[in-house]
file run.csv (CSV, N, CA and C atoms)
chain,number,residue,atom,x,y,z
A,1,MET,N,-2.6,-6.7,-3.5
A,1,MET,CA,-1.2,-6.5,-4.0
A,1,MET,C,-0.2,-6.6,-2.8
A,2,SER,N,-0.6,-7.1,-1.7
A,2,SER,CA,0.3,-7.2,-0.5
A,2,SER,C,1.6,-8.0,-0.8
A,3,SER,N,1.4,-9.1,-1.4
A,3,SER,CA,2.6,-10.0,-1.5
A,3,SER,C,3.6,-9.5,-2.5
A,4,ASN,N,3.2,-8.8,-3.5
A,4,ASN,CA,4.2,-8.4,-4.6
A,4,ASN,C,4.5,-6.9,-4.6
A,5,ILE,N,4.1,-6.2,-3.6
A,5,ILE,CA,4.4,-4.7,-3.6
A,5,ILE,C,5.9,-4.6,-3.4
A,6,LEU,N,6.5,-3.7,-4.1
A,6,LEU,CA,7.9,-3.4,-4.1
A,6,LEU,C,8.8,-4.6,-4.7
A,7,SER,N,8.1,-5.5,-5.3
A,7,SER,CA,8.9,-6.6,-5.9
A,7,SER,C,8.8,-6.6,-7.4
A,8,ARG,N,8.0,-5.8,-8.0
A,8,ARG,CA,7.9,-5.6,-9.4
A,8,ARG,C,7.2,-4.3,-9.7
A,9,ARG,N,7.4,-3.9,-11.0
A,9,ARG,CA,6.8,-2.6,-11.4
A,9,ARG,C,5.3,-2.8,-11.6
A,10,ILE,N,4.6,-1.9,-11.0
A,10,ILE,CA,3.1,-1.9,-11.1
A,10,ILE,C,2.6,-0.7,-11.8
A,11,PRO,N,1.8,-0.9,-12.8
A,11,PRO,CA,1.2,0.3,-13.6
A,11,PRO,C,0.2,1.0,-12.8
A,12,ILE,N,0.6,1.9,-11.9
A,12,ILE,CA,-0.2,2.6,-11.0
A,12,ILE,C,-1.4,3.3,-11.7
A,13,LYS,N,-1.2,3.8,-12.9
A,13,LYS,CA,-2.2,4.5,-13.6
A,13,LYS,C,-3.4,3.6,-14.0
A,14,ASN,N,-3.2,2.3,-13.9
A,14,ASN,CA,-4.3,1.4,-14.3
A,14,ASN,C,-5.3,1.2,-13.2
A,15,PHE,N,-5.0,1.7,-12.0
A,15,PHE,CA,-5.9,1.5,-10.8
A,15,PHE,C,-6.4,2.8,-10.3
A,16,SER,N,-7.6,2.8,-9.7
A,16,SER,CA,-8.1,3.9,-9.0
A,16,SER,C,-7.7,3.9,-7.5
A,17,VAL,N,-7.7,2.8,-6.9
A,17,VAL,CA,-7.3,2.6,-5.5
A,17,VAL,C,-6.4,1.4,-5.4
A,18,ILE,N,-5.3,1.6,-4.7
A,18,ILE,CA,-4.4,0.5,-4.4
A,18,ILE,C,-4.3,0.5,-2.9
A,19,PHE,N,-4.6,-0.6,-2.2
A,19,PHE,CA,-4.6,-0.7,-0.8
A,19,PHE,C,-3.8,-2.0,-0.5
A,20,PHE,N,-2.7,-1.8,0.3
A,20,PHE,CA,-1.9,-3.0,0.6
A,20,PHE,C,-1.4,-3.0,2.0
A,21,GLY,N,-1.3,-4.1,2.6
A,21,GLY,CA,-0.6,-4.3,3.9
A,21,GLY,C,0.9,-4.4,3.6
A,22,ALA,N,1.7,-3.6,4.3
A,22,ALA,CA,3.1,-3.5,4.0
A,22,ALA,C,4.0,-4.4,4.8
A,23,GLN,N,3.4,-5.3,5.6
A,23,GLN,CA,4.2,-6.1,6.6
A,23,GLN,C,5.1,-7.1,5.9
A,24,LYS,N,4.9,-7.4,4.7
A,24,LYS,CA,5.8,-8.4,4.0
A,24,LYS,C,7.0,-7.7,3.4
A,25,ASN,N,6.8,-6.6,2.8
A,25,ASN,CA,7.9,-6.0,2.1
A,25,ASN,C,8.4,-4.6,2.5
A,26,LEU,N,7.6,-4.0,3.4
A,26,LEU,CA,7.9,-2.6,3.7
A,26,LEU,C,8.1,-2.3,5.2
A,27,GLY,N,7.5,-3.0,6.0
A,27,GLY,CA,7.6,-2.7,7.4
A,27,GLY,C,7.0,-3.7,8.3
A,28,SER,N,6.6,-3.3,9.5
A,28,SER,CA,6.1,-4.2,10.5
A,28,SER,C,4.6,-4.4,10.3
A,29,THR,N,4.1,-5.4,11.0
A,29,THR,CA,2.7,-5.8,11.0
A,29,THR,C,1.8,-4.6,11.3
A,30,GLY,N,0.8,-4.4,10.5
A,30,GLY,CA,-0.2,-3.3,10.7
A,30,GLY,C,0.0,-2.1,9.8
A,31,VAL,N,1.2,-2.0,9.2
A,31,VAL,CA,1.4,-0.9,8.3
A,31,VAL,C,0.6,-1.1,7.1
A,32,THR,N,-0.2,-0.1,6.7
A,32,THR,CA,-1.0,-0.1,5.5
A,32,THR,C,-0.8,1.1,4.7
A,33,VAL,N,-0.7,0.9,3.4
A,33,VAL,CA,-0.5,2.0,2.4
A,33,VAL,C,-1.7,2.0,1.5
A,34,VAL,N,-2.2,3.2,1.2
A,34,VAL,CA,-3.3,3.4,0.3
A,34,VAL,C,-2.8,4.5,-0.8
A,35,ILE,N,-3.0,4.1,-2.0
A,35,ILE,CA,-2.7,5.0,-3.1
A,35,ILE,C,-4.1,5.2,-3.8
A,36,ILE,N,-4.6,6.5,-3.9
A,36,ILE,CA,-5.9,6.7,-4.4
A,36,ILE,C,-5.8,7.9,-5.4
A,37,LYS,N,-6.6,7.8,-6.5
A,37,LYS,CA,-6.7,8.9,-7.4
A,37,LYS,C,-7.4,10.1,-6.8
A,38,LYS,N,-7.0,11.3,-7.0
A,38,LYS,CA,-7.6,12.4,-6.5
A,38,LYS,C,-9.1,12.6,-7.0
A,39,SER,N,-9.4,12.0,-8.2
A,39,SER,CA,-10.7,12.1,-8.7
A,39,SER,C,-11.7,11.4,-7.8
A,40,LEU,N,-11.3,10.5,-6.9
A,40,LEU,CA,-12.2,9.8,-6.1
A,40,LEU,C,-12.4,10.5,-4.7
A,41,LEU,N,-11.7,11.6,-4.5
A,41,LEU,CA,-11.8,12.3,-3.3
A,41,LEU,C,-12.8,13.4,-3.5
A,42,ALA,N,-13.4,13.9,-2.4
A,42,ALA,CA,-14.3,15.0,-2.4
A,42,ALA,C,-13.6,16.3,-2.9
A,43,PRO,N,-14.2,17.2,-3.6
A,43,PRO,CA,-15.6,17.3,-3.9
A,43,PRO,C,-16.1,16.4,-5.1
A,44,ALA,N,-15.1,15.8,-5.8
A,44,ALA,CA,-15.5,15.0,-7.0
A,44,ALA,C,-16.4,13.8,-6.7
A,45,CYS,N,-16.1,13.2,-5.5
A,45,CYS,CA,-16.8,12.0,-5.1
A,45,CYS,C,-17.0,12.0,-3.6
A,46,PRO,N,-17.9,12.9,-3.1
A,46,PRO,CA,-18.0,13.0,-1.6
A,46,PRO,C,-18.7,11.7,-1.0
A,47,GLN,N,-18.4,11.5,0.2
A,47,GLN,CA,-19.0,10.4,0.9
A,47,GLN,C,-20.4,10.8,1.3
A,48,PRO,N,-21.4,9.9,1.1
A,48,PRO,CA,-22.8,10.3,1.4
A,48,PRO,C,-22.9,10.6,2.9
A,49,PRO,N,-23.9,11.6,3.2
A,49,PRO,CA,-24.1,11.9,4.6
A,49,PRO,C,-24.6,10.7,5.4
A,50,PRO,N,-24.2,10.7,6.7
A,50,PRO,CA,-24.7,9.5,7.6
A,50,PRO,C,-26.2,9.3,7.5
A,51,ALA,N,-27.0,10.4,7.5
A,51,ALA,CA,-28.5,10.2,7.5
A,51,ALA,C,-28.9,9.4,6.2
A,52,LEU,N,-28.3,9.7,5.1
A,52,LEU,CA,-28.7,9.0,3.9
A,52,LEU,C,-28.2,7.5,4.0
A,53,MET,N,-27.0,7.3,4.5
A,53,MET,CA,-26.5,5.9,4.7
A,53,MET,C,-27.5,5.1,5.6
A,54,ARG,N,-27.9,5.7,6.7
A,54,ARG,CA,-28.9,5.0,7.6
A,54,ARG,C,-30.2,4.7,6.9
A,55,LYS,N,-30.7,5.7,6.1
A,55,LYS,CA,-32.0,5.6,5.4
A,55,LYS,C,-31.9,4.4,4.4
A,56,LEU,N,-30.8,4.2,3.8
A,56,LEU,CA,-30.6,3.2,2.8
A,56,LEU,C,-30.3,1.8,3.5
A,57,GLY,N,-30.1,1.9,4.8
A,57,GLY,CA,-29.8,0.6,5.6
A,57,GLY,C,-28.3,0.2,5.5
A,58,LEU,N,-27.5,1.2,5.2
A,58,LEU,CA,-26.1,0.9,5.0
A,58,LEU,C,-25.3,1.4,6.3
A,59,PRO,N,-24.3,0.7,6.6
A,59,PRO,CA,-23.5,1.1,7.8
A,59,PRO,C,-22.8,2.4,7.6
A,60,VAL,N,-22.7,3.2,8.6
A,60,VAL,CA,-21.9,4.4,8.6
A,60,VAL,C,-20.5,4.1,9.1
A,61,PRO,N,-19.5,4.2,8.2
A,61,PRO,CA,-18.1,3.9,8.6
A,61,PRO,C,-17.5,4.9,9.6
A,62,PRO,N,-16.6,4.5,10.4
A,62,PRO,CA,-15.9,5.5,11.2
A,62,PRO,C,-15.2,6.5,10.4
A,63,ILE,N,-15.0,7.7,10.9
A,63,ILE,CA,-14.4,8.8,10.1
A,63,ILE,C,-13.0,8.4,9.7
A,64,VAL,N,-12.3,7.6,10.5
A,64,VAL,CA,-10.9,7.3,10.1
A,64,VAL,C,-10.9,6.5,8.8
A,65,PHE,N,-12.0,5.9,8.4
A,65,PHE,CA,-12.0,5.2,7.1
A,65,PHE,C,-12.4,6.1,5.9
A,66,SER,N,-12.5,7.3,6.2
A,66,SER,CA,-12.9,8.3,5.1
A,66,SER,C,-11.6,8.7,4.4
A,67,TYR,N,-11.4,8.4,3.1
A,67,TYR,CA,-10.2,8.8,2.4
A,67,TYR,C,-10.2,10.3,2.3
A,68,GLU,N,-11.4,11.0,2.3
A,68,GLU,CA,-11.4,12.4,2.2
A,68,GLU,C,-10.8,13.0,3.5
A,69,THR,N,-11.1,12.5,4.6
A,69,THR,CA,-10.6,13.0,5.9
A,69,THR,C,-9.1,12.7,5.9
A,70,ALA,N,-8.6,11.6,5.5
A,70,ALA,CA,-7.2,11.3,5.5
A,70,ALA,C,-6.4,12.2,4.6
A,71,ALA,N,-7.0,12.5,3.4
A,71,ALA,CA,-6.3,13.4,2.4
A,71,ALA,C,-6.3,14.8,2.9
A,72,LYS,N,-7.3,15.3,3.5
A,72,LYS,CA,-7.4,16.7,4.1
A,72,LYS,C,-6.3,16.9,5.1
A,73,ASN,N,-6.0,15.8,5.9
A,73,ASN,CA,-5.1,15.9,7.0
A,73,ASN,C,-3.7,15.3,6.7
A,74,ASN,N,-3.4,15.2,5.4
A,74,ASN,CA,-2.1,14.7,5.0
A,74,ASN,C,-1.8,13.3,5.6
A,75,SER,N,-2.8,12.5,5.7
A,75,SER,CA,-2.7,11.2,6.3
A,75,SER,C,-2.4,11.2,7.8
A,76,LEU,N,-2.6,12.3,8.4
A,76,LEU,CA,-2.3,12.4,9.9
A,76,LEU,C,-3.5,12.6,10.7
A,77,TYR,N,-4.7,12.1,10.3
A,77,TYR,CA,-5.9,12.3,11.1
A,77,TYR,C,-5.8,11.6,12.4
A,78,ASN,N,-5.3,10.4,12.4
A,78,ASN,CA,-5.1,9.7,13.7
A,78,ASN,C,-3.6,9.6,14.0
A,79,THR,N,-3.3,9.3,15.2
A,79,THR,CA,-2.0,9.2,15.7
A,79,THR,C,-1.3,8.0,15.1
A,80,LEU,N,-0.2,8.3,14.4
A,80,LEU,CA,0.6,7.2,13.7
A,80,LEU,C,1.5,6.5,14.7
A,81,SER,N,1.8,5.3,14.4
A,81,SER,CA,2.8,4.5,15.2
A,81,SER,C,4.1,5.0,14.7
A,82,ILE,N,4.8,5.8,15.4
A,82,ILE,CA,6.1,6.4,15.0
A,82,ILE,C,7.1,5.3,14.7
A,83,PHE,N,7.1,4.2,15.5
A,83,PHE,CA,8.1,3.1,15.3
A,83,PHE,C,7.8,2.5,14.0
A,84,ASP,N,6.6,2.2,13.6
A,84,ASP,CA,6.3,1.6,12.3
A,84,ASP,C,6.7,2.5,11.2
A,85,VAL,N,6.4,3.8,11.3
A,85,VAL,CA,6.8,4.7,10.3
A,85,VAL,C,8.4,4.7,10.1
A,86,TYR,N,9.0,4.7,11.3
A,86,TYR,CA,10.5,4.7,11.3
A,86,TYR,C,11.0,3.4,10.5
A,87,ILE,N,10.5,2.3,10.9
A,87,ILE,CA,10.9,1.0,10.3
A,87,ILE,C,10.7,1.0,8.7
A,88,ALA,N,9.5,1.5,8.3
A,88,ALA,CA,9.2,1.6,6.9
A,88,ALA,C,10.2,2.5,6.2
A,89,GLY,N,10.5,3.6,6.8
A,89,GLY,CA,11.5,4.6,6.3
A,89,GLY,C,12.9,3.9,6.2
A,90,GLN,N,13.3,3.1,7.2
A,90,GLN,CA,14.6,2.5,7.1
A,90,GLN,C,14.6,1.4,6.0
A,91,VAL,N,13.5,0.7,5.8
A,91,VAL,CA,13.4,-0.3,4.8
A,91,VAL,C,13.6,0.4,3.4
A,92,LEU,N,12.8,1.5,3.2
A,92,LEU,CA,12.9,2.2,1.9
A,92,LEU,C,14.3,2.7,1.7
A,93,LYS,N,15.0,3.3,2.7
A,93,LYS,CA,16.3,3.8,2.6
A,93,LYS,C,17.3,2.7,2.1
A,94,ARG,N,17.1,1.5,2.8
A,94,ARG,CA,18.0,0.4,2.5
A,94,ARG,C,17.7,-0.1,1.1
A,95,LEU,N,16.5,-0.2,0.7
A,95,LEU,CA,16.2,-0.6,-0.7
A,95,LEU,C,16.8,0.3,-1.7
A,96,LEU,N,16.7,1.6,-1.5
A,96,LEU,CA,17.2,2.6,-2.4
A,96,LEU,C,18.8,2.5,-2.5
A,97,GLN,N,19.4,2.2,-1.4
A,97,GLN,CA,20.9,2.0,-1.3
A,97,GLN,C,21.3,0.8,-2.1
A,98,THR,N,20.5,-0.3,-1.8
A,98,THR,CA,20.8,-1.6,-2.4
A,98,THR,C,20.5,-1.7,-3.9
A,99,PHE,N,19.4,-1.0,-4.3
A,99,PHE,CA,18.9,-1.1,-5.7
A,99,PHE,C,18.8,0.3,-6.3
A,100,PRO,N,19.9,0.9,-6.8
A,100,PRO,CA,19.9,2.2,-7.3
A,100,PRO,C,18.9,2.4,-8.5
A,101,ASP,N,18.6,1.2,-9.2
A,101,ASP,CA,17.6,1.3,-10.2
A,101,ASP,C,16.2,1.0,-9.7
A,102,LYS,N,16.1,1.1,-8.4
A,102,LYS,CA,14.8,1.1,-7.7
A,102,LYS,C,14.0,-0.2,-8.0
A,103,VAL,N,12.8,-0.2,-8.5
A,103,VAL,CA,12.0,-1.3,-8.6
A,103,VAL,C,12.6,-2.4,-9.5
A,104,ASP,N,13.2,-1.9,-10.6
A,104,ASP,CA,13.8,-2.9,-11.5
A,104,ASP,C,14.8,-3.9,-10.8
A,105,GLY,N,15.6,-3.3,-9.9
A,105,GLY,CA,16.5,-4.2,-9.2
A,105,GLY,C,15.8,-5.2,-8.3
A,106,GLN,N,14.7,-4.7,-7.6
A,106,GLN,CA,13.9,-5.6,-6.7
A,106,GLN,C,13.3,-6.7,-7.6
A,107,GLN,N,12.8,-6.3,-8.8
A,107,GLN,CA,12.1,-7.2,-9.6
A,107,GLN,C,13.1,-8.3,-10.1
A,108,ALA,N,14.3,-7.9,-10.4
A,108,ALA,CA,15.3,-8.9,-10.9
A,108,ALA,C,15.6,-9.9,-9.7
A,109,LEU,N,15.8,-9.4,-8.5
A,109,LEU,CA,16.0,-10.2,-7.3
A,109,LEU,C,14.8,-11.2,-7.1
A,110,SER,N,13.6,-10.7,-7.2
A,110,SER,CA,12.4,-11.5,-6.9
A,110,SER,C,12.3,-12.6,-8.0
A,111,GLN,N,12.7,-12.3,-9.2
A,111,GLN,CA,12.6,-13.3,-10.3
A,111,GLN,C,13.7,-14.4,-10.0
A,112,LYS,N,14.8,-14.0,-9.6
A,112,LYS,CA,15.9,-14.9,-9.3
A,112,LYS,C,15.5,-15.9,-8.1
A,113,LYS,N,14.9,-15.3,-7.1
A,113,LYS,CA,14.4,-16.1,-6.0
A,113,LYS,C,13.3,-17.1,-6.4
A,114,ALA,N,12.4,-16.6,-7.2
A,114,ALA,CA,11.3,-17.4,-7.7
A,114,ALA,C,11.9,-18.6,-8.6
A,115,ALA,N,12.8,-18.3,-9.4
A,115,ALA,CA,13.5,-19.3,-10.2
A,115,ALA,C,14.1,-20.4,-9.4
A,116,LEU,N,14.7,-20.0,-8.3
A,116,LEU,CA,15.3,-21.0,-7.4
A,116,LEU,C,14.3,-21.9,-6.7
A,117,ILE,N,13.2,-21.2,-6.2
A,117,ILE,CA,12.2,-22.0,-5.5
A,117,ILE,C,11.5,-22.9,-6.5
A,118,TYR,N,11.0,-22.4,-7.6
A,118,TYR,CA,10.3,-23.2,-8.6
A,118,TYR,C,11.2,-24.3,-9.2
A,119,GLY,N,12.5,-24.0,-9.4
A,119,GLY,CA,13.4,-25.0,-9.8
A,119,GLY,C,13.5,-26.2,-8.9
A,120,ALA,N,13.6,-25.9,-7.6
A,120,ALA,CA,13.7,-26.9,-6.5
A,120,ALA,C,12.4,-27.7,-6.5
A,121,LEU,N,11.3,-27.0,-6.6
A,121,LEU,CA,10.0,-27.8,-6.6
A,121,LEU,C,9.8,-28.7,-7.8
A,122,GLU,N,10.3,-28.3,-9.0
A,122,GLU,CA,10.2,-29.1,-10.2
A,122,GLU,C,11.2,-30.3,-10.1
A,123,ALA,N,12.4,-30.0,-9.5
A,123,ALA,CA,13.4,-31.1,-9.4
A,123,ALA,C,13.0,-32.2,-8.4
A,124,HIS,N,12.2,-31.8,-7.4
A,124,HIS,CA,11.8,-32.7,-6.4
A,124,HIS,C,10.3,-32.7,-6.2
A,125,PRO,N,9.5,-33.3,-7.2
A,125,PRO,CA,8.1,-33.3,-7.1
A,125,PRO,C,7.5,-34.1,-6.0
call {"tool": "encode", "arguments": {"input": "run.csv", "output": "structure tokens"}}
result
Amino acid sequence: MSSNILSRRIPIKNFSVIFFGAQKNLGSTGVTVVIIKKSLLAPACPQPPPALMRKLGLPVPPIVFSYETAAKNNSLYNTLSIFDVYIAGQVLKRLLQTFPDKVDGQQALSQKKAALIYGALEAHP
């Protein structure tokens, strides 16, 4: 969903996990957003212990990749890049000021841009 995030309405309830790089529409390179249903977090769905993972021949991921750890720490388990968070915040503020109807305004603009691009491509094959 990286390319179209914040450009159209997305039925969040249809997904269990949404993972996207935000560098195209939300912030600078490296900013990543994860939206995850609580039912996938522990205790409902705990990560198997490292001993079991090794026994099954599976790699043990670093703790920073554990959604459970991130959720328990309000997404602050590791040190965030404050500049990247600031930029994402500024982008969101600007979008809310520019499009009071939120995603619907962004979607209308994206459709207008797409029509211009595809119109030019069709006019000049």
call {"tool": "atom_distance", "arguments": {"input": "run.csv", "atom1": "atom CA of Leu95 of chain A", "atom2": "atom CA of Ile18 of chain A"}}
result
21.0 Å
call {"tool": "closest_residue", "arguments": {"input": "run.csv", "among": "A:Pro59, A:Glu122, A:Pro46, A:Leu92", "to": "Ala22 of chain A", "atoms": "only C-alpha atoms"}}
result
A:Leu92
call {"tool": "atom_distance", "arguments": {"input": "run.csv", "atom1": "atom CA of Gly21 of chain A", "atom2": "atom CA of Ser110 of chain A"}}
result
18.4 Å
call {"tool": "atom_distance", "arguments": {"input": "run.csv", "atom1": "atom N of Ile35 of chain A", "atom2": "atom C of Pro50 of chain A"}}
result
25.6 Å
call {"tool": "closest_residue", "arguments": {"input": "run.csv", "among": "A:Phe99, A:Ser81, A:Leu109, A:Ser16", "to": "Lys38 of chain A", "atoms": "all atoms listed in the file"}}
result
A:Ser16
call {"tool": "residues_around", "arguments": {"input": "run.csv", "residues": "Lys24 of chain A", "least_positions_apart": "4", "cutoff": "9 Å", "atoms": "only C-alpha atoms", "output": "ChimeraX atom specification"}}
result
/A:2-5,28-29
call {"tool": "closest_residue", "arguments": {"input": "run.csv", "among": "A:Gly119, A:Phe19, A:Leu52, A:Arg9", "to": "Thr32 of chain A", "atoms": "only C-alpha atoms"}}
result
A:Phe19
